[in-house]
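Listing of upload.cif; format and content: mmCIF, C-alpha atoms and all ligand atoms.
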data_protein
loop_
_atom_site.label_atom_id
_atom_site.label_comp_id
_atom_site.auth_asym_id
_atom_site.auth_seq_id
_atom_site.Cartn_x
_atom_site.Cartn_y
_atom_site.Cartn_z
CA MET A 1 15.78 -6.31 34.36
CA TYR A 2 13.06 -8.74 33.34
CA GLY A 3 13.56 -12.42 34.05
CA PHE A 4 12.90 -15.27 31.70
CA SER A 5 9.36 -15.76 32.93
CA GLN A 6 8.45 -12.26 31.74
CA CYS A 7 9.92 -13.03 28.33
CA GLU A 8 8.21 -16.40 28.26
CA LYS A 9 4.88 -14.63 28.73
CA TYR A 10 5.44 -12.82 25.43
CA LEU A 11 6.79 -15.92 23.72
CA LYS A 12 3.42 -17.57 24.09
CA LYS A 13 1.41 -14.68 22.77
CA MET A 14 3.15 -12.57 20.14
CA ASN A 15 2.03 -14.23 16.93
CA ASN A 16 2.47 -11.54 14.33
CA VAL A 17 5.35 -9.33 13.30
CA TYR A 18 4.89 -6.59 10.73
CA ILE A 19 8.10 -6.06 8.77
CA GLU A 20 8.04 -2.98 6.58
CA ILE A 21 10.43 -4.19 3.88
CA THR A 22 9.92 -0.88 2.07
CA ASN A 23 7.97 2.32 2.52
CA VAL A 24 8.08 3.01 -1.21
CA CYS A 25 4.79 2.85 -3.05
CA ASN A 26 3.90 3.42 -6.68
CA LEU A 27 0.36 4.58 -5.91
CA HIS A 28 -0.66 7.80 -4.20
CA CYS A 29 -3.86 7.16 -2.30
CA SER A 30 -5.24 10.35 -0.81
CA PHE A 31 -6.09 8.61 2.46
CA CYS A 32 -2.60 7.17 3.00
CA PRO A 33 0.50 8.91 4.43
CA CYS A 34 2.48 6.95 1.83
CA GLY A 35 0.55 8.57 -0.96
CA LYS A 36 1.87 12.07 -0.38
CA THR A 37 4.50 11.84 -3.10
CA PRO A 38 3.22 13.91 -6.04
CA LEU A 39 1.74 11.92 -8.91
CA SER A 40 4.03 13.78 -11.30
CA ALA A 41 6.98 12.14 -9.63
CA THR A 42 6.31 8.86 -11.38
CA LYS A 43 7.46 8.21 -14.87
CA ASN A 44 4.81 5.67 -15.61
CA GLU A 45 2.00 6.08 -13.13
CA GLY A 46 0.93 2.84 -11.60
CA GLU A 47 3.79 0.73 -12.88
CA HIS A 48 6.32 -0.95 -10.64
CA THR A 49 9.32 0.81 -12.15
CA LEU A 50 10.29 3.93 -10.23
CA ASP A 51 12.31 6.73 -11.76
CA SER A 52 14.91 8.76 -9.91
CA ALA A 53 12.50 11.68 -9.43
CA THR A 54 10.13 9.46 -7.47
CA LEU A 55 12.86 8.28 -5.19
CA GLN A 56 14.19 11.82 -4.72
CA ASN A 57 10.82 13.37 -3.98
CA ALA A 58 9.74 10.63 -1.67
CA GLU A 59 10.84 11.58 1.81
CA ALA A 60 13.19 8.95 3.20
CA ARG A 61 11.65 6.26 1.07
CA THR A 62 13.92 3.24 1.18
CA PHE A 63 14.16 -0.52 0.89
CA MET A 64 15.11 -2.64 3.88
CA PRO A 65 18.57 -4.17 3.36
CA SER A 66 18.96 -7.93 3.45
CA GLU A 67 21.02 -7.90 6.65
CA LEU A 68 18.29 -6.05 8.51
CA PHE A 69 15.62 -8.33 7.09
CA GLU A 70 17.56 -11.36 8.41
CA LYS A 71 17.53 -9.78 11.87
CA CYS A 72 13.80 -9.22 11.62
CA ILE A 73 12.98 -12.81 10.78
CA ALA A 74 15.42 -14.07 13.42
CA GLY A 75 13.69 -11.78 15.95
CA ALA A 76 10.25 -12.93 14.88
CA GLN A 77 11.26 -16.53 15.54
CA GLU A 78 12.85 -15.62 18.88
CA ILE A 79 9.56 -14.27 20.17
CA GLY A 80 7.68 -17.30 18.87
CA ALA A 81 5.80 -15.53 16.08
CA THR A 82 4.23 -17.72 13.43
CA ASN A 83 3.15 -15.07 10.97
CA VAL A 84 4.85 -12.08 9.36
CA TYR A 85 3.49 -9.28 7.23
CA PHE A 86 5.68 -7.42 4.78
CA HIS A 87 4.29 -3.98 5.30
CA VAL A 88 3.39 -1.09 7.51
CA LEU A 89 3.39 1.43 4.71
CA GLY A 90 4.57 0.85 1.18
CA GLU A 91 4.15 -1.73 -1.53
CA PRO A 92 6.26 -4.77 -0.58
CA THR A 93 6.40 -6.28 -4.06
CA LEU A 94 8.39 -3.24 -5.26
CA HIS A 95 11.33 -4.32 -3.12
CA PRO A 96 14.04 -5.60 -5.50
CA GLY A 97 14.62 -8.48 -3.08
CA PHE A 98 10.95 -9.32 -2.57
CA VAL A 99 11.12 -12.81 -4.10
CA HIS A 100 14.41 -13.48 -2.33
CA TYR A 101 12.84 -12.47 1.01
CA VAL A 102 9.89 -14.79 0.41
CA LYS A 103 12.35 -17.59 -0.26
CA LYS A 104 14.15 -16.77 3.00
CA LEU A 105 10.88 -17.35 4.82
CA GLU A 106 10.64 -20.79 3.27
CA GLN A 107 13.68 -21.77 5.34
CA THR A 108 11.82 -20.86 8.54
CA PRO A 109 8.50 -21.87 10.12
CA LEU A 110 7.20 -18.34 9.47
CA LYS A 111 4.25 -17.81 7.16
CA LEU A 112 3.59 -14.65 5.18
CA THR A 113 0.43 -12.62 4.96
CA LEU A 114 1.05 -10.32 2.04
CA THR A 115 -0.85 -7.07 1.69
CA THR A 116 -0.36 -5.58 -1.74
CA ASN A 117 -2.00 -3.05 -4.00
CA GLY A 118 -1.82 -5.72 -6.71
CA SER A 119 -0.21 -3.44 -9.28
CA THR A 120 2.68 -5.88 -9.84
CA ILE A 121 0.76 -9.13 -9.51
CA GLU A 122 1.10 -9.95 -13.20
CA ARG A 123 4.87 -10.05 -12.66
CA THR A 124 5.11 -11.37 -9.08
CA GLY A 125 2.05 -13.65 -9.02
CA PRO A 126 3.79 -16.83 -10.24
CA GLN A 127 6.41 -16.66 -7.46
CA ILE A 128 3.79 -15.87 -4.84
CA LEU A 129 1.66 -18.84 -5.87
CA ALA A 130 4.73 -21.08 -5.96
CA SER A 131 5.85 -20.27 -2.43
CA PRO A 132 4.53 -22.46 0.41
CA ALA A 133 5.53 -19.66 2.80
CA VAL A 134 2.68 -17.45 1.56
CA ARG A 135 -0.41 -18.16 3.61
CA GLN A 136 -2.63 -15.24 2.63
CA VAL A 137 -2.76 -12.37 0.17
CA ASN A 138 -4.75 -9.19 0.79
CA PHE A 139 -5.39 -6.99 -2.22
CA SER A 140 -6.13 -3.32 -1.50
CA THR A 141 -8.57 -2.97 -4.37
CA HIS A 142 -10.06 0.18 -2.78
CA ALA A 143 -6.84 1.92 -3.92
CA TYR A 144 -7.97 1.61 -7.55
CA ALA A 145 -10.96 3.91 -7.03
CA GLU A 146 -8.59 6.89 -7.30
CA LEU A 147 -6.74 5.69 -10.41
CA PRO A 148 -7.46 6.47 -14.04
CA ARG A 149 -10.18 4.04 -15.07
CA GLU A 150 -8.12 2.18 -17.64
CA THR A 151 -5.31 1.55 -15.15
CA ALA A 152 -7.78 0.54 -12.44
CA GLU A 153 -9.52 -1.97 -14.69
CA ARG A 154 -6.20 -3.45 -15.78
CA TYR A 155 -5.00 -3.91 -12.21
CA LEU A 156 -8.30 -5.45 -11.18
CA GLN A 157 -8.22 -7.86 -14.11
CA ASN A 158 -4.70 -8.96 -13.13
CA VAL A 159 -5.85 -9.52 -9.55
CA LEU A 160 -8.88 -11.54 -10.66
CA ASP A 161 -6.65 -13.61 -12.98
CA PHE A 162 -4.41 -14.31 -10.00
CA CYS A 163 -7.43 -15.39 -7.97
CA SER A 164 -8.60 -17.73 -10.73
CA LEU A 165 -5.15 -19.27 -10.97
CA SER A 166 -4.95 -19.70 -7.21
CA ILE A 167 -8.13 -21.80 -7.22
CA VAL A 168 -6.30 -24.33 -9.38
CA GLN A 169 -2.73 -24.02 -8.12
CA ARG A 170 -3.13 -22.98 -4.48
CA PRO A 171 -6.60 -23.82 -3.14
CA ASP A 172 -5.14 -23.50 0.39
CA LEU A 173 -4.26 -19.83 -0.13
CA TYR A 174 -6.51 -17.28 1.55
CA ILE A 175 -7.23 -14.19 -0.54
CA ASN A 176 -9.01 -11.05 0.56
CA LEU A 177 -10.20 -8.51 -1.95
CA ARG A 178 -10.31 -5.50 0.31
CA LEU A 179 -12.79 -2.72 -0.22
CA TRP A 180 -12.03 -0.48 2.71
CA ASN A 181 -14.04 2.48 1.53
CA VAL A 182 -17.56 1.68 2.65
CA GLY A 183 -19.54 4.91 2.87
CA ALA A 184 -17.14 6.89 0.67
CA GLU A 185 -19.54 8.26 -1.92
CA GLU A 186 -16.85 8.97 -4.50
CA ALA A 187 -15.94 5.26 -4.51
CA SER A 188 -19.42 3.84 -4.97
CA LEU A 189 -19.21 3.57 -8.77
CA TRP A 190 -15.91 1.74 -8.56
CA ASN A 191 -17.25 -0.58 -5.86
CA SER A 192 -20.25 -1.49 -8.03
CA TYR A 193 -17.89 -2.19 -10.89
CA ILE A 194 -15.79 -4.53 -8.73
CA LEU A 195 -18.86 -6.45 -7.60
CA GLY A 196 -19.90 -6.85 -11.22
CA ARG A 197 -16.45 -8.14 -12.20
CA ILE A 198 -16.44 -10.61 -9.31
CA ARG A 199 -19.87 -11.85 -10.38
CA LYS A 200 -18.71 -12.33 -13.95
CA THR A 201 -15.38 -13.96 -13.07
CA PHE A 202 -16.57 -16.46 -10.47
CA ASN A 203 -20.19 -16.80 -11.49
CA VAL A 204 -21.37 -16.01 -7.97
CA GLU A 205 -23.54 -13.29 -6.55
CA VAL A 206 -21.80 -11.39 -3.78
CA THR A 207 -24.21 -9.09 -2.02
CA PRO A 208 -22.39 -7.41 0.82
CA GLY A 209 -25.59 -5.78 1.95
CA HIS A 210 -25.32 -6.53 5.63
CA PHE A 211 -21.99 -4.84 6.25
CA CYS A 212 -21.56 -4.03 9.93
CA SER A 213 -18.77 -4.07 12.47
CA ARG A 214 -19.26 -7.81 12.96
CA HIS A 215 -19.91 -8.76 9.38
CA LYS A 216 -17.24 -7.53 7.03
CA SER A 217 -16.11 -10.63 5.24
CA PHE A 218 -18.13 -12.21 2.42
CA ASN A 219 -17.13 -15.47 0.80
CA ILE A 220 -16.77 -15.41 -2.98
CA THR A 221 -15.59 -18.94 -3.59
CA GLY A 222 -13.21 -21.36 -1.87
CA ARG A 223 -10.85 -19.28 0.23
CA ILE A 224 -11.41 -16.07 -1.69
CA TYR A 225 -13.28 -13.35 0.19
CA LEU A 226 -14.52 -9.83 -0.29
CA HIS A 227 -13.54 -7.87 2.78
CA GLU A 228 -15.35 -4.61 3.39
CA ASP A 229 -14.60 -1.92 5.90
CA THR A 230 -14.88 1.79 6.38
CA ARG A 231 -12.05 4.05 5.28
CA PHE A 232 -9.07 3.83 7.52
CA GLU A 233 -7.98 6.80 9.61
CA TRP A 234 -4.33 6.90 10.59
CA PRO A 235 -3.65 8.06 14.13
CA SER A 236 -1.87 11.40 14.19
CA LEU A 237 -0.42 13.50 16.94
CA GLU A 238 -0.92 16.50 14.68
CA ASP A 239 -4.65 15.90 14.75
CA ARG A 240 -4.51 15.58 18.50
CA ARG A 241 -2.73 18.92 18.75
CA LYS A 242 -5.22 20.57 16.42
CA THR A 243 -8.14 19.23 18.40
CA LYS A 244 -6.75 20.57 21.62
CA ASP A 245 -6.07 23.95 20.04
CA GLU A 246 -9.53 24.03 18.56
CA ARG A 247 -10.91 23.32 21.99
CA GLY A 248 -8.97 26.33 23.21
CA GLU A 249 -7.20 24.31 25.88
CA SER A 250 -3.92 25.47 27.26
CA ARG A 251 -0.96 23.50 25.99
CA THR A 252 1.43 24.86 28.58
CA ASP A 253 0.73 22.15 31.11
CA LYS A 254 2.98 19.14 31.54
CA HIS A 255 0.64 16.90 29.63
CA ALA A 256 0.93 19.07 26.53
CA TYR A 257 4.69 18.88 26.90
CA LEU A 258 4.41 15.11 26.63
CA TYR A 259 2.73 15.42 23.26
CA ASP A 260 5.66 17.42 22.02
CA ARG A 261 8.01 14.76 23.29
CA ALA A 262 6.02 11.83 21.99
CA GLU A 263 8.60 10.91 19.40
CA GLN A 264 10.81 9.90 22.25
CA SER A 265 10.21 7.24 24.80
CA CYS A 266 7.03 7.68 26.76
CA THR A 267 8.50 6.62 30.09
CA GLU A 268 8.13 10.21 31.23
CA CYS A 269 4.37 9.90 30.91
CA LYS A 270 4.39 7.53 33.82
CA ASP A 271 5.02 10.14 36.43
CA GLU A 272 3.82 13.26 34.72
CA ARG A 273 0.44 11.92 33.72
CA ILE A 274 -0.62 11.70 37.35
CA GLY A 275 -3.60 13.95 37.82
CA LYS A 276 -3.77 14.59 34.12
CA GLU A 277 -6.12 13.30 31.49
CA ILE A 278 -6.14 9.53 31.12
CA VAL A 279 -7.85 8.26 28.02
CA ALA A 280 -9.63 4.94 28.43
CA GLY A 281 -9.10 2.26 25.85
CA THR A 282 -7.29 -0.90 25.03
CA CYS A 283 -5.41 -2.47 22.16
CA ARG A 284 -3.84 -5.80 21.20
CA ALA A 285 -0.53 -4.20 20.19
CA LEU A 286 2.47 -5.69 22.03
CA ASP A 287 0.21 -8.59 22.93
CA THR A 288 -0.51 -10.22 19.58
CA HIS A 289 1.74 -8.11 17.35
CA VAL A 290 4.59 -5.68 16.98
CA ALA A 291 6.00 -3.87 13.96
CA ILE A 292 9.45 -3.16 12.54
CA LEU A 293 9.91 -0.19 10.22
CA HIS A 294 12.10 -0.21 7.10
CA ASP A 295 15.08 1.23 9.01
CA GLY A 296 14.88 -1.21 11.89
CA ARG A 297 12.90 0.88 14.37
CA VAL A 298 10.57 -1.31 16.39
CA VAL A 299 7.16 0.24 17.03
CA ALA A 300 4.15 -0.98 18.94
CA CYS A 301 1.82 -1.50 16.04
CA CYS A 302 1.36 -1.45 12.28
CA LEU A 303 -0.31 1.98 12.41
CA ASP A 304 2.78 3.74 13.70
CA HIS A 305 4.39 4.33 10.31
CA SER A 306 6.41 7.33 11.49
CA GLY A 307 7.82 5.79 14.65
CA GLN A 308 5.90 7.79 17.24
CA ILE A 309 6.15 4.86 19.66
CA THR A 310 9.68 3.75 18.88
CA LEU A 311 10.72 1.16 21.42
CA GLY A 312 14.16 0.27 20.06
CA ASN A 313 16.00 -0.69 16.92
CA ILE A 314 16.43 -4.25 15.67
CA SER A 315 19.87 -3.37 14.28
CA LYS A 316 21.15 -2.79 17.81
CA GLN A 317 18.97 -4.91 20.08
CA THR A 318 17.16 -8.21 19.93
CA LEU A 319 13.40 -8.25 19.50
CA PRO A 320 12.80 -9.97 22.88
CA GLU A 321 14.86 -7.21 24.56
CA ILE A 322 12.82 -4.51 22.86
CA ILE A 323 9.37 -5.91 23.59
CA ASN A 324 10.35 -6.42 27.21
CA SER A 325 11.80 -2.91 27.62
CA PRO A 326 10.30 -0.78 30.40
CA GLU A 327 8.55 1.45 27.82
CA ALA A 328 6.94 -1.49 26.04
CA VAL A 329 5.86 -3.14 29.26
CA TYR A 330 4.45 0.14 30.56
CA ILE A 331 2.35 0.70 27.43
CA LYS A 332 1.15 -2.90 27.34
CA GLU A 333 0.30 -2.86 31.03
CA GLY A 334 -1.83 0.21 30.28
CA PHE A 335 -3.79 -1.71 27.66
CA THR A 336 -4.56 -4.46 30.17
CA GLN A 337 -5.80 -1.79 32.61
CA HIS A 338 -7.84 -0.10 29.89
CA GLU A 339 -5.59 2.95 29.75
CA LEU A 340 -4.13 4.47 26.60
CA ARG A 341 -0.93 5.70 28.16
CA HIS A 342 0.90 6.90 25.08
CA PRO A 343 -0.30 10.19 23.52
CA PHE A 344 -0.15 8.62 20.07
CA CYS A 345 -2.57 5.88 21.15
CA GLN A 346 -4.92 8.57 22.39
CA THR A 347 -5.33 9.74 18.80
CA CYS A 348 -6.07 6.25 17.52
CA HIS A 349 -9.48 5.41 16.09
CA PHE A 350 -8.58 1.80 15.46
CA CYS A 351 -8.34 0.89 19.13
CA LYS A 352 -11.91 2.07 19.69
CA ARG A 353 -12.92 -1.22 18.10
CA PHE A 354 -11.73 -3.01 21.25
CA LYS A 355 -14.17 -2.14 23.99
S1 LIG B 401 -1.43 1.48 -2.32
FE1 LIG B 401 -1.38 1.20 -0.09
S2 LIG B 401 0.66 1.91 0.61
FE2 LIG B 401 0.33 2.67 -1.51
S3 LIG B 401 -0.47 4.77 -1.24
FE3 LIG B 401 -2.26 3.37 -1.45
S4 LIG B 401 -2.83 2.74 0.68
FE4 LIG B 401 -0.74 3.67 0.73
S1 LIG B 402 -3.83 2.15 20.37
FE1 LIG B 402 -3.62 2.50 18.13
S2 LIG B 402 -1.68 3.62 17.95
FE2 LIG B 402 -1.67 2.68 20.01
S3 LIG B 402 -0.62 0.73 19.74
FE3 LIG B 402 -2.82 0.35 19.48
S4 LIG B 402 -3.23 0.46 17.27
FE4 LIG B 402 -1.23 1.42 17.68
#
Is it possible to express this structure as structure tokens?
Amino acid sequence: MYGFSQCEKYLKKMNNVYIEITNVCNLHCSFCPCGKTPLSATKNEGEHTLDSATLQNAEARTFMPSELFEKCIAGAQEIGATNVYFHVLGEPTLHPGFVHYVKKLEQTPLKLTLTTNGSTIERTGPQILASPAVRQVNFSTHAYAELPRETAERYLQNVLDFCSLSIVQRPDLYINLRLWNVGAEEASLWNSYILGRIRKTFNVEVTPGHFCSRHKSFNITGRIYLHEDTRFEWPSLEDRRKTKDERGESRTDKHAYLYDRAEQSCTECKDERIGKEIVAGTCRALDTHVAILHDGRVVACCLDHSGQITLGNISKQTLPEIINSPEAVYIKEGFTQHELRHPFCQTCHFCKRFK
């Protein structure tokens, strides 16, 4: 349906592919959909080993098989991506094939930006530092604010040790220590502790006093940064439904029907939205990035952890086919016209950053 020129347009632009190699996580952050597994389900809270109870209790928590991963990296190269991430949800270093997957990347031009909670860095750090495929590591150190203090301090120490080693072994590696909990009062003690530990480890004063939407990144030393942000809110159709109910609006109209059908393709929106509410907004999804979930579902962005905007499946189609499908093109065209055409996007706080 779409000629080569249409595909070529994407080839020039789509730089990043999020590959969720697992949606399993060993932490249980209250602000994360991945953290809903009960704490009691882990044998050894915070450690990388997972007992059978964890895996049973965790709803459809799985590891991406090698064959599917190969398709993902082949697809990423087909669309001209240069960078992959190993997550949407989950802790990628828990994947039994994590090191093997990093090595696979070394045989391609793709570079990895790894986002990790850092809980396994003592074990996986040497391989990460040794791999030229790893371009950047983001540590979600805000996750530690909810852990028992002793565990939190141990994880942080391991992360800081990794940073110190990287200065010597991999000065080209970018590292972000993420503190995405600005304004969360319950995290302020932990945040002060982190700043103190950074000061002591690197002998530098980091004073992230001027945090604002345009100033979130503060250099610590070399390529190591403290990255601050406000707590992340996941888009949710449930929230959208609640809001409409709370507003007392009728959900018997066609537009409401679309919300109920949002797990399917949104091509129906195209006709039925006419005369209905159109939410203004834009987003870089399907322009600069696309995401692939652990089971091969391709979704528009890294926020769609439950596949609300499923555009296809990498196990059955190629990535260029999927990102050029009528649904994908329709949603992307909406972004260029400042229209959030998919109901899921209309619940998204993240896209409000792009005015
Ligand atoms: S560590 Fe990350 S993936 Fe795991 S529960 Fe916390 S925010 Fe979610
Ligand atoms: S608007 Fe939000 S939910 Fe929609 S594609 Fe963009 S980031 Fe994802």
Exercise. Which is closest to Lys104 (chain A) among A:Gln157, A:Ser66, A:Gln308, A:Thr116, if we use all atoms listed in the file?
Worked result: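 Answer, going by the shortest atom-to-atom distance: A:Ser66.
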For this session: Just give me the gap between atom FE2 of ligand LIG 401 (chain B) and CA of Leu147 (chain A) in Å, one decimal is fine.
Result: 11.8 Å
For this session: Write out as a list in words the residues lying within 10 Å of Cys302 (chain A), counting only C-alpha atoms and excluding same-chain residues fewer than 6 positions away.
Result: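 Returned residues: Val17, Tyr18, Ile19, Glu20, Tyr85, His87, Val88, Leu89, Ala285, His289, Val290, Ala291, Ile292 and Leu293 of chain A.
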Problem set entry | Option closest in space to Asn83 (chain A), from A:Cys29, A:Ile194, A:Met14, A:Met64 [counting all atoms listed in the file] | A:Met14
Problem set entry | Nearby polymer residues, ligand LIG 401 (chain B), at most 6 Å, only C-alpha atoms and all ligand atoms, as a list in words | Cys25, Leu27, His28, Cys29, Cys32, Cys34, Gly35, Leu89, Gly90, Glu91, Asn117 and Ala143 of chain A
For this session: Using only C-alpha atoms, determine which residues lie at most 8 Å from His95 (chain A), disregarding the query and same-chain residues fewer than 5 positions distant; provide the list as a PyMOL selection string.
Result: chain A and resi 21-22+63
Exercise. For the atom pair CA of Ala184 (chain A) and CA of Ile224 (chain A), what is the interatomic distance in Å to one decimal place?
Worked result: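 Interatomic distance, CA of Ala184 (chain A) to CA of Ile224 (chain A): 23.8 Å.
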Exercise. Which residues sit within 6 Å of ligand LIG 402 (chain B), counting all atoms listed in the file, listed as a list in words?
Worked result: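 Counting only what the definition allows, namely all atoms listed in the file, the set is Cys283, Ala285, Ala300, Cys301, Leu303, Phe344, Cys345, Cys348, Phe350 and Cys351 of chain A.
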For region 94-121 of chain A, supply N, CA and C atoms and format the output as a PDB file, keeping the file's coordinate frame.
ATOM      1  N   LEU A  94       7.447  -4.115  -4.550  1.00  0.00           N
ATOM      2  CA  LEU A  94       8.390  -3.240  -5.260  1.00  0.00           C
ATOM      3  C   LEU A  94       9.829  -3.454  -4.779  1.00  0.00           C
ATOM      4  N   HIS A  95       9.976  -4.094  -3.632  1.00  0.00           N
ATOM      5  CA  HIS A  95      11.330  -4.320  -3.120  1.00  0.00           C
ATOM      6  C   HIS A  95      12.093  -5.210  -4.109  1.00  0.00           C
ATOM      7  N   PRO A  96      13.298  -4.781  -4.538  1.00  0.00           N
ATOM      8  CA  PRO A  96      14.040  -5.600  -5.500  1.00  0.00           C
ATOM      9  C   PRO A  96      14.315  -7.015  -4.981  1.00  0.00           C
ATOM     10  N   GLY A  97      14.339  -7.157  -3.654  1.00  0.00           N
ATOM     11  CA  GLY A  97      14.620  -8.480  -3.080  1.00  0.00           C
ATOM     12  C   GLY A  97      13.363  -9.200  -2.616  1.00  0.00           C
ATOM     13  N   PHE A  98      12.210  -8.752  -3.078  1.00  0.00           N
ATOM     14  CA  PHE A  98      10.950  -9.320  -2.570  1.00  0.00           C
ATOM     15  C   PHE A  98      10.907 -10.853  -2.692  1.00  0.00           C
ATOM     16  N   VAL A  99      11.200 -11.350  -3.890  1.00  0.00           N
ATOM     17  CA  VAL A  99      11.120 -12.810  -4.100  1.00  0.00           C
ATOM     18  C   VAL A  99      12.159 -13.520  -3.241  1.00  0.00           C
ATOM     19  N   HIS A 100      13.334 -12.914  -3.146  1.00  0.00           N
ATOM     20  CA  HIS A 100      14.410 -13.480  -2.330  1.00  0.00           C
ATOM     21  C   HIS A 100      13.970 -13.545  -0.855  1.00  0.00           C
ATOM     22  N   TYR A 101      13.290 -12.496  -0.389  1.00  0.00           N
ATOM     23  CA  TYR A 101      12.840 -12.470   1.010  1.00  0.00           C
ATOM     24  C   TYR A 101      11.767 -13.533   1.263  1.00  0.00           C
ATOM     25  N   VAL A 102      10.910 -13.736   0.267  1.00  0.00           N
ATOM     26  CA  VAL A 102       9.890 -14.790   0.410  1.00  0.00           C
ATOM     27  C   VAL A 102      10.585 -16.147   0.509  1.00  0.00           C
ATOM     28  N   LYS A 103      11.613 -16.319  -0.296  1.00  0.00           N
ATOM     29  CA  LYS A 103      12.350 -17.590  -0.260  1.00  0.00           C
ATOM     30  C   LYS A 103      13.046 -17.789   1.086  1.00  0.00           C
ATOM     31  N   LYS A 104      13.525 -16.691   1.670  1.00  0.00           N
ATOM     32  CA  LYS A 104      14.150 -16.770   3.000  1.00  0.00           C
ATOM     33  C   LYS A 104      13.150 -17.323   4.016  1.00  0.00           C
ATOM     34  N   LEU A 105      11.914 -16.881   3.884  1.00  0.00           N
ATOM     35  CA  LEU A 105      10.880 -17.350   4.820  1.00  0.00           C
ATOM     36  C   LEU A 105      10.664 -18.852   4.694  1.00  0.00           C
ATOM     37  N   GLU A 106      10.862 -19.356   3.490  1.00  0.00           N
ATOM     38  CA  GLU A 106      10.640 -20.790   3.270  1.00  0.00           C
ATOM     39  C   GLU A 106      11.603 -21.639   4.098  1.00  0.00           C
ATOM     40  N   GLN A 107      12.716 -21.027   4.512  1.00  0.00           N
ATOM     41  CA  GLN A 107      13.680 -21.770   5.340  1.00  0.00           C
ATOM     42  C   GLN A 107      13.354 -21.662   6.816  1.00  0.00           C
ATOM     43  N   THR A 108      12.234 -21.048   7.150  1.00  0.00           N
ATOM     44  CA  THR A 108      11.820 -20.860   8.540  1.00  0.00           C
ATOM     45  C   THR A 108      10.386 -21.386   8.696  1.00  0.00           C
ATOM     46  N   PRO A 109       9.906 -21.469   9.946  1.00  0.00           N
ATOM     47  CA  PRO A 109       8.500 -21.870  10.120  1.00  0.00           C
ATOM     48  C   PRO A 109       7.533 -20.703   9.886  1.00  0.00           C
ATOM     49  N   LEU A 110       8.058 -19.525   9.587  1.00  0.00           N
ATOM     50  CA  LEU A 110       7.200 -18.340   9.470  1.00  0.00           C
ATOM     51  C   LEU A 110       6.362 -18.379   8.201  1.00  0.00           C
ATOM     52  N   LYS A 111       5.129 -17.925   8.323  1.00  0.00           N
ATOM     53  CA  LYS A 111       4.250 -17.810   7.160  1.00  0.00           C
ATOM     54  C   LYS A 111       4.013 -16.326   6.862  1.00  0.00           C
ATOM     55  N   LEU A 112       3.755 -16.041   5.595  1.00  0.00           N
ATOM     56  CA  LEU A 112       3.590 -14.650   5.180  1.00  0.00           C
ATOM     57  C   LEU A 112       2.141 -14.322   4.861  1.00  0.00           C
ATOM     58  N   THR A 113       1.664 -13.237   5.439  1.00  0.00           N
ATOM     59  CA  THR A 113       0.430 -12.620   4.960  1.00  0.00           C
ATOM     60  C   THR A 113       0.855 -11.376   4.194  1.00  0.00           C
ATOM     61  N   LEU A 114       0.595 -11.410   2.911  1.00  0.00           N
ATOM     62  CA  LEU A 114       1.050 -10.320   2.040  1.00  0.00           C
ATOM     63  C   LEU A 114      -0.093  -9.364   1.781  1.00  0.00           C
ATOM     64  N   THR A 115       0.131  -8.093   2.077  1.00  0.00           N
ATOM     65  CA  THR A 115      -0.850  -7.070   1.690  1.00  0.00           C
ATOM     66  C   THR A 115      -0.226  -6.258   0.570  1.00  0.00           C
ATOM     67  N   THR A 116      -0.915  -6.215  -0.542  1.00  0.00           N
ATOM     68  CA  THR A 116      -0.360  -5.580  -1.740  1.00  0.00           C
ATOM     69  C   THR A 116      -1.441  -4.787  -2.460  1.00  0.00           C
ATOM     70  N   ASN A 117      -1.005  -3.763  -3.188  1.00  0.00           N
ATOM     71  CA  ASN A 117      -2.000  -3.050  -4.000  1.00  0.00           C
ATOM     72  C   ASN A 117      -2.269  -3.793  -5.317  1.00  0.00           C
ATOM     73  N   GLY A 118      -1.536  -4.855  -5.561  1.00  0.00           N
ATOM     74  CA  GLY A 118      -1.820  -5.720  -6.710  1.00  0.00           C
ATOM     75  C   GLY A 118      -1.294  -5.201  -8.042  1.00  0.00           C
ATOM     76  N   SER A 119      -0.636  -4.050  -8.015  1.00  0.00           N
ATOM     77  CA  SER A 119      -0.210  -3.440  -9.280  1.00  0.00           C
ATOM     78  C   SER A 119       0.882  -4.259  -9.980  1.00  0.00           C
ATOM     79  N   THR A 120       1.598  -5.084  -9.226  1.00  0.00           N
ATOM     80  CA  THR A 120       2.680  -5.880  -9.840  1.00  0.00           C
ATOM     81  C   THR A 120       2.327  -7.357  -9.939  1.00  0.00           C
ATOM     82  N   ILE A 121       1.089  -7.704  -9.669  1.00  0.00           N
ATOM     83  CA  ILE A 121       0.760  -9.130  -9.510  1.00  0.00           C
ATOM     84  C   ILE A 121       0.953  -9.912 -10.799  1.00  0.00           C
TER      85      ILE A 121
END
